[in-house]
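As stored in final14.tsv (TSV, C-alpha atoms and all ligand atoms):
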```tsv
chain	number	residue	atom	x	y	z
A	394	GLU	CA	1.90	17.28	13.19
A	395	LEU	CA	5.10	15.64	12.02
A	396	GLY	CA	6.72	15.61	15.45
A	397	ASN	CA	10.28	14.36	15.14
A	398	TYR	CA	9.72	12.82	11.73
A	399	ARG	CA	10.88	14.27	8.43
A	400	HIS	CA	7.93	13.04	6.40
A	401	PHE	CA	4.44	11.71	6.93
A	402	MET	CA	5.50	8.47	5.33
A	403	GLN	CA	8.20	7.94	7.94
A	404	LYS	CA	5.77	8.86	10.73
A	405	GLU	CA	3.15	6.49	9.33
A	406	ILE	CA	5.66	3.65	9.05
A	407	HIS	CA	6.49	4.14	12.71
A	408	GLU	CA	2.84	4.35	13.70
A	409	GLN	CA	2.25	0.78	12.59
A	410	PRO	CA	2.53	-0.90	16.00
A	411	ARG	CA	-0.13	1.50	17.30
A	412	ALA	CA	-2.30	1.20	14.16
A	413	ILE	CA	-2.23	-2.60	14.34
A	414	ALA	CA	-2.95	-2.61	18.07
A	415	ASP	CA	-5.92	-0.26	17.58
A	416	THR	CA	-7.30	-2.34	14.72
A	417	LEU	CA	-7.06	-5.45	16.90
A	418	LEU	CA	-8.46	-3.76	19.98
A	419	ALA	CA	-11.63	-2.81	18.14
A	420	ALA	CA	-12.12	-6.40	16.98
A	421	VAL	CA	-10.57	-8.84	19.38
A	422	THR	CA	-11.64	-8.72	22.99
A	423	THR	CA	-12.06	-12.35	23.96
A	424	SER	CA	-10.33	-15.60	23.13
A	425	SER	CA	-12.30	-15.84	19.91
A	426	VAL	CA	-13.07	-13.46	17.05
A	427	SER	CA	-16.78	-12.83	16.63
A	428	PRO	CA	-18.19	-12.76	13.08
A	429	GLY	CA	-20.06	-9.69	14.36
A	430	ILE	CA	-16.92	-7.58	13.83
A	431	PHE	CA	-17.96	-7.49	10.16
A	432	GLY	CA	-21.35	-6.00	10.99
A	433	PRO	CA	-24.89	-7.08	11.78
A	434	GLY	CA	-25.93	-10.31	10.08
A	435	ALA	CA	-22.33	-11.21	9.26
A	436	GLU	CA	-22.44	-14.65	10.84
A	437	ASP	CA	-25.27	-15.89	8.60
A	438	ILE	CA	-23.70	-14.41	5.50
A	439	LEU	CA	-20.21	-15.71	6.20
A	440	ARG	CA	-21.63	-19.17	6.91
A	441	ALA	CA	-23.42	-19.15	3.56
A	442	VAL	CA	-20.55	-18.15	1.29
A	443	ASN	CA	-18.83	-20.75	-0.86
A	444	GLY	CA	-15.88	-18.70	-2.06
A	445	VAL	CA	-14.21	-15.31	-1.84
A	446	ARG	CA	-13.29	-12.83	-4.55
A	447	ILE	CA	-11.27	-9.82	-3.49
A	448	LEU	CA	-11.16	-6.63	-5.56
A	449	ALA	CA	-8.79	-3.73	-4.98
A	450	CYS	CA	-6.14	-1.47	-6.55
A	451	GLY	CA	-2.47	-0.77	-5.88
A	452	THR	CA	-1.25	-1.56	-2.40
A	453	SER	CA	-4.72	-2.70	-1.36
A	454	TYR	CA	-4.54	-5.27	-4.18
A	455	HIS	CA	-1.32	-6.60	-2.68
A	456	ALA	CA	-3.16	-7.12	0.61
A	457	ALA	CA	-5.76	-9.04	-1.39
A	458	LYS	CA	-3.03	-11.24	-2.87
A	459	VAL	CA	-1.75	-12.15	0.60
A	460	ALA	CA	-5.30	-13.04	1.62
A	461	GLU	CA	-5.59	-15.36	-1.37
A	462	TYR	CA	-2.86	-17.53	0.15
A	463	TRP	CA	-4.30	-17.34	3.68
A	464	MET	CA	-7.88	-18.07	2.64
A	465	GLU	CA	-7.22	-21.14	0.55
A	466	SER	CA	-4.80	-22.75	3.00
A	467	LEU	CA	-6.64	-21.94	6.24
A	468	THR	CA	-10.34	-21.95	5.30
A	469	GLY	CA	-10.48	-24.29	2.29
A	470	LEU	CA	-12.58	-21.70	0.43
A	471	PRO	CA	-11.58	-20.90	-3.13
A	472	CYS	CA	-10.28	-17.35	-3.15
A	473	ARG	CA	-9.24	-15.09	-5.96
A	474	ALA	CA	-7.75	-11.62	-5.77
A	475	GLU	CA	-8.24	-9.36	-8.76
A	476	ILE	CA	-7.35	-5.83	-9.79
A	477	ALA	CA	-10.57	-3.84	-9.60
A	478	SER	CA	-10.01	-1.94	-12.85
A	479	GLU	CA	-9.69	-5.25	-14.71
A	480	TYR	CA	-12.59	-6.98	-13.04
A	481	ARG	CA	-15.05	-4.20	-13.68
A	482	TYR	CA	-14.71	-4.39	-17.47
A	483	ARG	CA	-14.33	-8.08	-18.12
A	484	ASP	CA	-16.91	-10.81	-18.55
A	485	SER	CA	-16.50	-12.80	-15.38
A	486	VAL	CA	-18.44	-15.80	-14.22
A	487	ALA	CA	-20.40	-14.80	-11.14
A	488	ASP	CA	-21.36	-17.22	-8.44
A	489	PRO	CA	-24.02	-15.52	-6.29
A	490	ASP	CA	-22.68	-17.17	-3.12
A	491	THR	CA	-19.10	-16.00	-3.59
A	492	LEU	CA	-18.39	-13.23	-1.12
A	493	ILE	CA	-17.11	-10.05	-2.74
A	494	VAL	CA	-14.49	-8.34	-0.59
A	495	THR	CA	-13.27	-4.90	-1.54
A	496	ILE	CA	-10.25	-3.34	0.12
A	497	SER	CA	-9.42	0.35	0.10
A	498	GLN	CA	-7.63	2.77	2.36
A	499	SER	CA	-9.64	5.76	1.18
A	500	GLY	CA	-12.91	4.09	0.25
A	501	GLU	CA	-13.09	6.56	-2.63
A	502	THR	CA	-11.16	4.70	-5.33
A	503	ARG	CA	-13.42	4.81	-8.38
A	504	ASP	CA	-12.37	1.48	-9.84
A	505	THR	CA	-12.86	-0.37	-6.55
A	506	ILE	CA	-16.29	1.12	-5.91
A	507	ASP	CA	-17.40	0.39	-9.48
A	508	ALA	CA	-16.01	-3.14	-9.32
A	509	MET	CA	-18.19	-3.81	-6.30
A	510	ILE	CA	-21.23	-2.37	-8.07
A	511	GLN	CA	-20.42	-4.52	-11.10
A	512	ALA	CA	-20.21	-7.62	-8.88
A	513	LYS	CA	-23.62	-6.84	-7.44
A	514	ASN	CA	-25.05	-6.32	-10.91
A	515	LEU	CA	-23.67	-9.69	-11.94
A	516	GLY	CA	-25.62	-11.31	-9.12
A	517	HIS	CA	-23.17	-11.62	-6.24
A	518	LYS	CA	-25.35	-11.58	-3.13
A	519	TYR	CA	-22.83	-10.61	-0.47
A	520	SER	CA	-20.27	-7.84	-0.19
A	521	LEU	CA	-17.79	-6.76	2.44
A	522	ALA	CA	-15.65	-3.61	2.44
A	523	ILE	CA	-12.39	-3.37	4.37
A	524	CYS	CA	-11.65	0.32	4.62
A	525	ASN	CA	-9.84	2.94	6.66
A	526	VAL	CA	-12.41	5.73	6.24
A	527	PRO	CA	-15.76	5.18	7.98
A	528	GLU	CA	-18.00	7.48	5.95
A	529	SER	CA	-16.53	6.65	2.56
A	530	ALA	CA	-18.53	5.74	-0.53
A	531	LEU	CA	-17.18	2.18	-0.51
A	532	VAL	CA	-18.28	1.56	3.07
A	533	ARG	CA	-21.74	2.94	2.28
A	534	THR	CA	-22.10	0.62	-0.73
A	535	ALA	CA	-21.15	-2.65	1.00
A	536	ASP	CA	-23.39	-4.99	3.01
A	537	LEU	CA	-20.71	-5.88	5.55
A	538	LYS	CA	-17.78	-3.71	6.62
A	539	PHE	CA	-14.63	-3.75	8.65
A	540	LEU	CA	-12.88	-0.52	9.52
A	541	THR	CA	-9.14	-0.55	9.91
A	542	ARG	CA	-7.91	1.81	12.61
A	543	ALA	CA	-4.78	3.10	10.92
A	544	GLY	CA	-5.85	6.72	11.42
A	545	PRO	CA	-5.48	9.32	8.65
A	546	GLU	CA	-2.82	8.37	6.12
A	547	ILE	CA	-1.30	11.46	4.53
A	548	GLY	CA	1.69	10.11	2.59
A	549	VAL	CA	0.74	9.06	-0.92
A	550	ALA	CA	2.63	5.81	-0.39
A	551	SER	CA	0.37	3.57	1.62
A	552	THR	CA	2.04	1.99	4.66
A	553	LYS	CA	0.04	1.64	7.86
A	554	ALA	CA	-3.17	1.19	5.85
A	555	PHE	CA	-1.62	-1.89	4.22
A	556	THR	CA	-0.51	-3.64	7.40
A	557	THR	CA	-3.87	-2.98	9.08
A	558	GLN	CA	-5.67	-4.30	5.98
A	559	LEU	CA	-3.65	-7.47	6.40
A	560	VAL	CA	-4.74	-7.71	10.02
A	561	ALA	CA	-8.37	-7.32	8.92
A	562	LEU	CA	-7.96	-10.01	6.26
A	563	PHE	CA	-6.36	-12.39	8.74
A	564	LEU	CA	-9.33	-11.84	11.08
A	565	LEU	CA	-11.68	-12.60	8.19
A	566	THR	CA	-9.69	-15.76	7.47
A	567	LEU	CA	-9.98	-16.78	11.12
A	568	VAL	CA	-13.74	-16.21	11.18
A	569	LEU	CA	-14.37	-18.07	7.90
A	570	GLY	CA	-12.08	-20.92	8.98
A	571	ARG	CA	-13.89	-21.24	12.30
A	572	LEU	CA	-17.36	-21.15	10.73
A	573	ARG	CA	-16.32	-23.88	8.29
A	574	GLY	CA	-14.76	-26.06	10.98
A	575	LYS	CA	-11.30	-25.74	9.42
A	576	ILE	CA	-9.76	-23.86	12.34
A	577	SER	CA	-10.05	-25.35	15.83
A	578	ASP	CA	-10.61	-23.40	19.07
A	579	GLN	CA	-7.09	-24.27	20.06
A	580	GLN	CA	-5.59	-23.05	16.78
A	581	GLU	CA	-7.59	-19.84	16.93
A	582	LYS	CA	-6.25	-19.12	20.42
A	583	VAL	CA	-2.68	-19.63	19.24
A	584	TRP	CA	-3.12	-17.23	16.33
A	585	LEU	CA	-4.91	-14.66	18.47
A	586	GLU	CA	-1.95	-14.75	20.80
A	587	GLN	CA	0.37	-14.19	17.82
A	588	LEU	CA	-1.82	-11.29	16.70
A	589	ARG	CA	-1.43	-9.71	20.11
A	590	GLU	CA	2.34	-10.05	19.80
A	591	LEU	CA	2.34	-8.48	16.35
A	592	PRO	CA	2.75	-4.81	17.39
A	593	GLY	CA	5.86	-5.82	19.35
A	594	LEU	CA	7.30	-7.71	16.37
A	595	VAL	CA	6.66	-4.76	14.07
A	596	GLN	CA	8.39	-2.52	16.62
A	597	GLN	CA	11.44	-4.77	16.49
A	598	ALA	CA	11.42	-4.63	12.70
A	599	LEU	CA	11.35	-0.83	12.91
A	600	ALA	CA	14.51	-0.96	14.99
A	601	LEU	CA	16.38	-2.13	11.88
A	602	GLU	CA	15.99	1.32	10.31
A	603	PRO	CA	19.67	2.40	10.66
A	604	GLN	CA	20.95	-0.75	8.93
A	605	ILE	CA	18.31	-0.53	6.21
A	606	ALA	CA	19.12	3.15	5.67
A	607	ALA	CA	22.74	2.11	5.02
A	608	TRP	CA	21.56	-0.44	2.45
A	609	ALA	CA	19.39	2.20	0.78
A	610	GLU	CA	22.50	4.17	-0.17
A	611	HIS	CA	23.43	1.33	-2.53
A	612	PHE	CA	20.13	1.74	-4.34
A	613	ALA	CA	20.22	5.47	-4.97
A	614	ASP	CA	22.33	5.28	-8.15
A	615	LYS	CA	20.60	2.19	-9.53
A	616	HIS	CA	18.00	2.29	-12.30
A	617	HIS	CA	16.38	-1.06	-11.61
A	618	ALA	CA	15.77	-3.42	-8.73
A	619	LEU	CA	14.24	-6.86	-8.47
A	620	PHE	CA	12.17	-8.03	-5.52
A	621	LEU	CA	11.78	-11.75	-4.89
A	622	GLY	CA	9.53	-13.73	-2.59
A	623	ARG	CA	7.76	-17.04	-2.60
A	624	GLY	CA	4.32	-18.14	-1.48
A	625	VAL	CA	2.52	-15.68	0.73
A	626	HIS	CA	5.61	-13.46	0.65
A	627	TYR	CA	5.46	-12.98	-3.11
A	628	PRO	CA	2.79	-10.26	-2.69
A	629	ILE	CA	5.05	-8.66	-0.07
A	630	ALA	CA	7.79	-8.50	-2.71
A	631	MET	CA	5.22	-6.85	-5.02
A	632	GLU	CA	4.46	-4.30	-2.34
A	633	GLY	CA	8.17	-3.63	-1.76
A	634	ALA	CA	8.67	-3.03	-5.48
A	635	LEU	CA	5.68	-0.69	-5.67
A	636	LYS	CA	6.92	1.33	-2.68
A	637	LEU	CA	10.37	1.70	-4.21
A	638	LYS	CA	9.14	2.73	-7.65
A	639	GLU	CA	6.51	5.17	-6.45
A	640	ILE	CA	8.67	7.26	-4.14
A	641	SER	CA	12.24	6.79	-5.40
A	642	TYR	CA	11.39	6.48	-9.13
A	643	ILE	CA	13.69	3.48	-9.38
A	644	HIS	CA	12.17	0.91	-11.68
A	645	ALA	CA	11.38	-2.12	-9.57
A	646	GLU	CA	9.72	-5.39	-10.36
A	647	ALA	CA	8.63	-8.27	-8.20
A	648	TYR	CA	8.82	-11.90	-9.16
A	649	PRO	CA	7.97	-15.12	-7.42
A	650	ALA	CA	11.53	-16.43	-7.05
A	651	GLY	CA	10.70	-19.69	-8.82
A	652	GLU	CA	10.05	-17.70	-12.00
A	653	LEU	CA	13.58	-16.29	-12.17
A	654	LYS	CA	14.92	-18.72	-14.69
A	655	HIS	CA	11.83	-18.29	-16.85
A	656	GLY	CA	13.00	-14.84	-17.88
A	657	PRO	CA	14.07	-12.20	-15.38
A	658	LEU	CA	17.42	-13.87	-14.65
A	659	ALA	CA	18.52	-12.43	-18.00
A	660	LEU	CA	18.40	-8.96	-16.42
A	661	VAL	CA	20.62	-9.76	-13.47
A	662	ASP	CA	24.08	-8.24	-13.34
A	663	LYS	CA	26.06	-6.20	-10.82
A	664	ASP	CA	23.88	-3.14	-11.46
A	665	MET	CA	20.67	-4.93	-10.54
A	666	PRO	CA	20.19	-5.13	-6.77
A	667	VAL	CA	17.97	-8.04	-5.82
A	668	VAL	CA	15.91	-7.81	-2.65
A	669	ALA	CA	14.66	-11.09	-1.21
A	670	VAL	CA	11.93	-11.60	1.34
A	671	ALA	CA	13.26	-14.73	2.98
A	672	PRO	CA	11.38	-15.74	6.11
A	673	ASN	CA	12.01	-19.06	7.72
A	674	ASP	CA	9.21	-21.01	6.07
A	675	ILE	CA	8.88	-24.23	4.09
A	676	LEU	CA	9.97	-22.50	0.89
A	677	LEU	CA	13.19	-21.06	2.30
A	678	GLU	CA	15.51	-23.75	0.93
A	679	LYS	CA	14.00	-23.35	-2.53
A	680	LEU	CA	14.36	-19.59	-2.29
A	681	LYS	CA	18.01	-19.95	-1.27
A	682	SER	CA	18.79	-21.91	-4.41
A	683	ASN	CA	17.05	-19.22	-6.46
A	684	LEU	CA	19.28	-16.67	-4.74
A	685	GLN	CA	22.39	-18.65	-5.63
A	686	GLU	CA	21.39	-18.29	-9.27
A	687	VAL	CA	21.36	-14.52	-8.77
A	688	ARG	CA	24.80	-14.55	-7.10
A	689	ALA	CA	26.20	-16.66	-9.90
A	690	ARG	CA	25.32	-13.82	-12.31
A	691	GLY	CA	26.92	-11.15	-10.13
A	692	GLY	CA	23.67	-9.76	-8.68
A	693	GLU	CA	23.97	-8.10	-5.27
A	694	LEU	CA	21.57	-9.69	-2.81
A	695	TYR	CA	19.77	-7.84	-0.03
A	696	VAL	CA	18.06	-10.48	2.05
A	697	PHE	CA	15.53	-10.03	4.83
A	698	ALA	CA	15.55	-13.27	6.81
A	699	ASP	CA	14.36	-14.36	10.23
A	700	LEU	CA	16.53	-14.78	13.28
A	701	ASP	CA	16.52	-18.55	13.26
A	702	SER	CA	17.62	-19.45	9.72
A	703	HIS	CA	21.02	-20.30	8.29
A	704	PHE	CA	22.64	-18.40	5.44
A	705	THR	CA	26.25	-19.08	4.55
A	706	PRO	CA	28.06	-15.72	4.54
A	707	GLN	CA	29.39	-14.86	1.09
A	708	GLU	CA	30.48	-11.88	-0.91
A	709	GLY	CA	27.59	-9.94	-2.39
A	710	LEU	CA	25.10	-11.25	0.14
A	711	HIS	CA	23.79	-8.57	2.51
A	712	LEU	CA	21.66	-10.04	5.26
A	713	LEU	CA	19.36	-8.54	7.87
A	714	ARG	CA	17.32	-10.57	10.29
A	715	LEU	CA	13.89	-9.90	11.68
A	716	PRO	CA	13.31	-10.72	15.34
A	717	THR	CA	11.57	-14.05	15.00
A	718	ASN	CA	9.35	-15.99	12.65
A	719	ALA	CA	5.80	-14.70	12.94
A	720	GLY	CA	4.10	-17.80	11.48
A	721	PRO	CA	1.18	-16.94	9.21
A	722	LEU	CA	1.56	-13.28	10.21
A	723	SER	CA	5.06	-13.14	8.79
A	724	PRO	CA	3.99	-11.17	5.67
A	725	ILE	CA	2.92	-8.31	7.94
A	726	VAL	CA	6.26	-8.12	9.75
A	727	HIS	CA	8.28	-8.55	6.55
A	728	THR	CA	6.51	-5.61	4.93
A	729	VAL	CA	8.06	-3.11	7.33
A	730	PRO	CA	11.73	-3.31	6.24
A	731	LEU	CA	10.70	-2.93	2.59
A	732	GLN	CA	8.80	0.27	3.41
A	733	ILE	CA	11.87	1.57	5.24
A	734	LEU	CA	14.15	0.63	2.35
A	735	ALA	CA	11.98	2.54	-0.14
A	736	TYR	CA	11.75	5.52	2.18
A	737	HIS	CA	15.51	5.81	2.62
A	738	ALA	CA	16.23	5.21	-1.06
A	739	ALA	CA	13.88	8.13	-1.79
A	740	LEU	CA	15.65	10.26	0.83
A	741	CYS	CA	18.99	9.53	-0.84
A	742	LYS	CA	17.52	10.56	-4.17
A	743	GLY	CA	15.91	13.69	-2.73
A	744	THR	CA	12.45	13.04	-4.14
A	745	ASP	CA	9.24	14.49	-2.73
A	746	VAL	CA	8.51	11.50	-0.52
A	747	ASP	CA	5.02	12.38	0.64
A	748	LYS	CA	3.86	13.69	-2.73
A	749	PRO	CA	5.64	11.73	-5.45
A	750	ARG	CA	5.36	13.16	-8.93
A	751	ASN	CA	2.29	12.31	-11.02
A	752	LEU	CA	0.44	10.58	-8.17
A	753	ALA	CA	-2.57	11.47	-6.03
A	754	LYS	CA	-3.46	10.06	-2.65
A	755	SER	CA	-6.92	8.96	-3.78
A	756	VAL	CA	-7.71	7.97	-7.32
A	757	THR	CA	-11.33	9.06	-7.55
A	758	VAL	CA	-11.44	9.00	-11.35
A	759	GLU	CA	-10.59	6.07	-13.57
A	801	LIG	O1	-7.43	4.14	-1.22
A	801	LIG	P1	-7.10	2.83	-1.91
A	801	LIG	O2	-6.54	1.81	-0.97
A	801	LIG	O3	-8.28	2.29	-2.65
A	801	LIG	O4	-5.99	3.19	-2.94
A	801	LIG	C1	-5.54	2.23	-3.86
A	801	LIG	C2	-4.25	2.66	-4.53
A	801	LIG	O5	-4.48	3.85	-5.27
A	801	LIG	C3	-3.13	2.90	-3.52
A	801	LIG	O6	-2.90	1.78	-2.72
A	801	LIG	C4	-1.83	3.26	-4.24
A	801	LIG	O7	-1.37	2.16	-4.97
A	801	LIG	C5	-0.79	3.75	-3.23
A	801	LIG	N1	-0.23	5.01	-3.66
A	801	LIG	C6	0.31	2.78	-3.01
A	801	LIG	O8	1.25	3.21	-2.10
```
Show me, as structure tokens, the structure contained in the file I just sent.
Amino acid sequence: ELGNYRHFMQKEIHEQPRAIADTLLAAVTTSSVSPGIFGPGAEDILRAVNGVRILACGTSYHAAKVAEYWMESLTGLPCRAEIASEYRYRDSVADPDTLIVTISQSGETRDTIDAMIQAKNLGHKYSLAICNVPESALVRTADLKFLTRAGPEIGVASTKAFTTQLVALFLLTLVLGRLRGKISDQQEKVWLEQLRELPGLVQQALALEPQIAAWAEHFADKHHALFLGRGVHYPIAMEGALKLKEISYIHAEAYPAGELKHGPLALVDKDMPVVAVAPNDILLEKLKSNLQEVRARGGELYVFADLDSHFTPQEGLHLLRLPTNAGPLSPIVHTVPLQILAYHAALCKGTDVDKPRNLAKSVTVE
């Protein structure tokens, strides 16, 4: 089943162009995305909602965090992403018309299922599950559903499930934006075209594997790493840090780069590699000045940029470029090199990549 791959994680990373294409194929056939992709009655429900609350755990929570940025900027709806295990036990203020979205690869994560039940008990009228497993408990509990087409994910570290969740969330953003008159026909067409190009962009990101593998060797003897991003790429930094810690056992933390001088800069020295997600967006110049602060303290920088941005070469700055800027879909493309970095760091350390210690693929108990 592994073919030419050494681990399921590596295979699943490389399956992403196919997984994304399949997820799109099932949903996008015309020049517009139909609300019906979320199930019968979805159009009326999605028209009625006045906000979105997304509940999930782990990697799926990071997908929720990306959606928070997309939703508020592209649909105008207030959106909040929350860790399911926190939400389920706290006193939250429920607005019945706020759509509850749960995200889960397995659909069997106890905290996520119970968070959705809790939301219903609190009076939320509408729920949507984004899930990779059709017959799962989560899918059965939700009113609306969207199935990602990642195919079975065996590696404990979630990879292709994450990028297909992001595709699903972008489709939801498109549908909500259209229904609310915030996204024009023209704009929708442009983004649908970009979605169709996405598998190709991910393929080009995968081609960076040899260079990233060489970088990974610098991480193997490190005890800590810092991941930085800004805006919609901050959750991608969080995902990169989670991948690294779960399979290589290197302690990794993610920070929005603007927070550096509010604390984490104190940690930076030559033994603290700093990974930056640095796409060519409106925050790039700000991010670059944050990165200078890291260099000034001797931190080694590993920067993932886009093809069309300028970085002045300097000692201690390692730079790789992704093929092009993918616009709002950039977080999806920028995820891929971080998965590859974690994978190769784990290979260097000789850990059990597909079954990291202490972890299970599905967390069906709390
Ligand atoms: O099946 P789920 O998406 O609900 O799982 C949630 C988390 O347990 C999962 O994403 C976990 O964080 C992964 N091991 C991360 O790679």
_Around ligand LIG 801 (chain A), out to 8 Å and counting all atoms listed in the file, which residues are there? I want them as a list in words._
Ala449, Cys450, Gly451, Thr452, Ser453, Tyr454, Ile496, Ser497, Gln498, Ser499, Gly500, Glu501, Thr502, Thr505, Cys524, Val549, Ala550, Ser551, Thr552, Ala554, Phe555, Leu635, Lys636, Glu639, Leu752, Ala753, Lys754, Ser755 and Val756 of chain A
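Distance check against Phe539 in chain A using all atoms listed in the file: of A:Pro716, A:Ala671, A:Tyr695, A:Phe563, the minimum falls on A:Phe563.
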*asked:* I'd like the interatomic distance between CA of Ile523 in chain A and CA of Ala460 in chain A, to a tenth of an Å.
replied: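 Between these atoms lies a distance of 12.3 Å.
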_Residue among A:Met665, A:Glu693, A:Arg503, A:Ala645 lying closest to Ser529 in chain A, counting all atoms listed in the file_ = A:Arg503
Write out as a PDB file with C-alpha atoms, in the frame of the given file each polymer residue whose atoms come within 6 Å of range 622-625 of chain A, counting all atoms listed in the file; drop sequence neighbours fewer than 3 positions from it.
```pdb
ATOM      1  CA  VAL A 459      -1.750 -12.150   0.600  1.00  0.00           C
ATOM      2  CA  TYR A 462      -2.860 -17.530   0.150  1.00  0.00           C
ATOM      3  CA  ALA A 630       7.790  -8.500  -2.710  1.00  0.00           C
ATOM      4  CA  PRO A 649       7.970 -15.120  -7.420  1.00  0.00           C
ATOM      5  CA  ALA A 650      11.530 -16.430  -7.050  1.00  0.00           C
ATOM      6  CA  ALA A 669      14.660 -11.090  -1.210  1.00  0.00           C
ATOM      7  CA  VAL A 670      11.930 -11.600   1.340  1.00  0.00           C
TER       8      VAL A 670
END
```
*Nearest residue to Thr556 in chain A from the set A:Pro721, A:Gly651, A:Gly709, A:Pro410 (distances using only C-alpha atoms)*: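 For Thr556 in chain A, the nearest of the candidates is A:Pro410.
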*Using all atoms listed in the file, which of the listed residues (A:Val668, A:Ala719, A:Ala456, A:Ala474) sits closest to Ala561 in chain A?*
A:Ala456
_Just checking: using all atoms listed in the file, which residue out of A:Leu585, A:Leu731, A:Val532, A:Leu601 ends up closest to Ala634 in chain A?_
A:Leu731
*asked:* Env of Gln604 in chain A: 12 Å cut, atoms = all atoms listed in the file, seq-sep filter 4 positions within chain, self excluded. Answer as a VMD selection string.
replied: chain A and resid 598 to 600 608 to 611 695 697 711 to 715 730 733 to 734 737
Dump of C-alpha atoms for the selected residues, as a PDB file, in the frame of the given file:
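Okay, part-v2.pdb is ready:
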```pdb
ATOM      1  CA  ALA A 598      11.420  -4.630  12.700  1.00  0.00           C
ATOM      2  CA  LEU A 599      11.350  -0.830  12.910  1.00  0.00           C
ATOM      3  CA  ALA A 600      14.510  -0.960  14.990  1.00  0.00           C
ATOM      4  CA  TRP A 608      21.560  -0.440   2.450  1.00  0.00           C
ATOM      5  CA  ALA A 609      19.390   2.200   0.780  1.00  0.00           C
ATOM      6  CA  GLU A 610      22.500   4.170  -0.170  1.00  0.00           C
ATOM      7  CA  HIS A 611      23.430   1.330  -2.530  1.00  0.00           C
ATOM      8  CA  TYR A 695      19.770  -7.840  -0.030  1.00  0.00           C
ATOM      9  CA  PHE A 697      15.530 -10.030   4.830  1.00  0.00           C
ATOM     10  CA  HIS A 711      23.790  -8.570   2.510  1.00  0.00           C
ATOM     11  CA  LEU A 712      21.660 -10.040   5.260  1.00  0.00           C
ATOM     12  CA  LEU A 713      19.360  -8.540   7.870  1.00  0.00           C
ATOM     13  CA  ARG A 714      17.320 -10.570  10.290  1.00  0.00           C
ATOM     14  CA  LEU A 715      13.890  -9.900  11.680  1.00  0.00           C
ATOM     15  CA  PRO A 730      11.730  -3.310   6.240  1.00  0.00           C
ATOM     16  CA  ILE A 733      11.870   1.570   5.240  1.00  0.00           C
ATOM     17  CA  LEU A 734      14.150   0.630   2.350  1.00  0.00           C
ATOM     18  CA  HIS A 737      15.510   5.810   2.620  1.00  0.00           C
TER      19      HIS A 737
END
```
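Of the listed residues (A:Thr557, A:Ser478, A:Ser424, A:Gln409), A:Ser424 comes nearest to Gln579 in chain A; the distances count only C-alpha atoms.
When CA of Ala420 in chain A is paired with CA of Tyr627 in chain A, their separation reads 27.5 Å.
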Taking 2 positions as the minimum chain separation for residues in the same chain, which residues sit within 12 Å of Tyr480 in chain A when counting all atoms listed in the file? Answer as a JSON list (two decimals) with C-alpha atoms, in the coordinates of the input.
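Output (result.json):
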```
[["chain", "number", "residue", "atom", "x", "y", "z"],
["A", 446, "ARG", "CA", -13.29, -12.83, -4.55],
["A", 447, "ILE", "CA", -11.27, -9.82, -3.49],
["A", 448, "LEU", "CA", -11.16, -6.63, -5.56],
["A", 449, "ALA", "CA", -8.79, -3.73, -4.98],
["A", 450, "CYS", "CA", -6.14, -1.47, -6.55],
["A", 473, "ARG", "CA", -9.24, -15.09, -5.96],
["A", 474, "ALA", "CA", -7.75, -11.62, -5.77],
["A", 475, "GLU", "CA", -8.24, -9.36, -8.76],
["A", 476, "ILE", "CA", -7.35, -5.83, -9.79],
["A", 477, "ALA", "CA", -10.57, -3.84, -9.60],
["A", 478, "SER", "CA", -10.01, -1.94, -12.85],
["A", 482, "TYR", "CA", -14.71, -4.39, -17.47],
["A", 483, "ARG", "CA", -14.33, -8.08, -18.12],
["A", 484, "ASP", "CA", -16.91, -10.81, -18.55],
["A", 485, "SER", "CA", -16.50, -12.80, -15.38],
["A", 486, "VAL", "CA", -18.44, -15.80, -14.22],
["A", 487, "ALA", "CA", -20.40, -14.80, -11.14],
["A", 493, "ILE", "CA", -17.11, -10.05, -2.74],
["A", 495, "THR", "CA", -13.27, -4.90, -1.54],
["A", 504, "ASP", "CA", -12.37, 1.48, -9.84],
["A", 505, "THR", "CA", -12.86, -0.37, -6.55],
["A", 506, "ILE", "CA", -16.29, 1.12, -5.91],
["A", 507, "ASP", "CA", -17.40, 0.39, -9.48],
["A", 508, "ALA", "CA", -16.01, -3.14, -9.32],
["A", 509, "MET", "CA", -18.19, -3.81, -6.30],
["A", 510, "ILE", "CA", -21.23, -2.37, -8.07],
["A", 511, "GLN", "CA", -20.42, -4.52, -11.10],
["A", 512, "ALA", "CA", -20.21, -7.62, -8.88],
["A", 515, "LEU", "CA", -23.67, -9.69, -11.94]]
```
Enclose all atoms of range 601-616 of chain A listed in the file in an axis-aligned box, grow every side by 3 Å, and hand back centre and edge lengths in Å to one decimal, as lines of an AutoDock Vina configuration file.
```
center_x = 19.7
center_y = 1.7
center_z = -0.2
size_x = 13.4
size_y = 13.6
size_z = 30.2
```
*Quote the spacing between CA of Ala739 in chain A and CA of Asp662 in chain A in Å to one decimal place.*
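Interatomic distance here is 22.5 Å.
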Neighbours of Arg589 in chain A within 10 Å (all atoms listed in the file; same-chain residues fewer than 2 positions away dropped), as a compact mmCIF listing (two decimals) with C-alpha atoms, keeping the file's coordinate frame?
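As a result, around_35.txt now contains:
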```
# COMPACT_ATOMS: atom_id res chain seq x y z
CA ILE A 413 -2.23 -2.60 14.34
CA ALA A 414 -2.95 -2.61 18.07
CA LEU A 417 -7.06 -5.45 16.90
CA LEU A 418 -8.46 -3.76 19.98
CA VAL A 421 -10.57 -8.84 19.38
CA TRP A 584 -3.12 -17.23 16.33
CA LEU A 585 -4.91 -14.66 18.47
CA GLU A 586 -1.95 -14.75 20.80
CA GLN A 587 0.37 -14.19 17.82
CA LEU A 591 2.34 -8.48 16.35
CA PRO A 592 2.75 -4.81 17.39
CA GLY A 593 5.86 -5.82 19.35
CA LEU A 594 7.30 -7.71 16.37
```
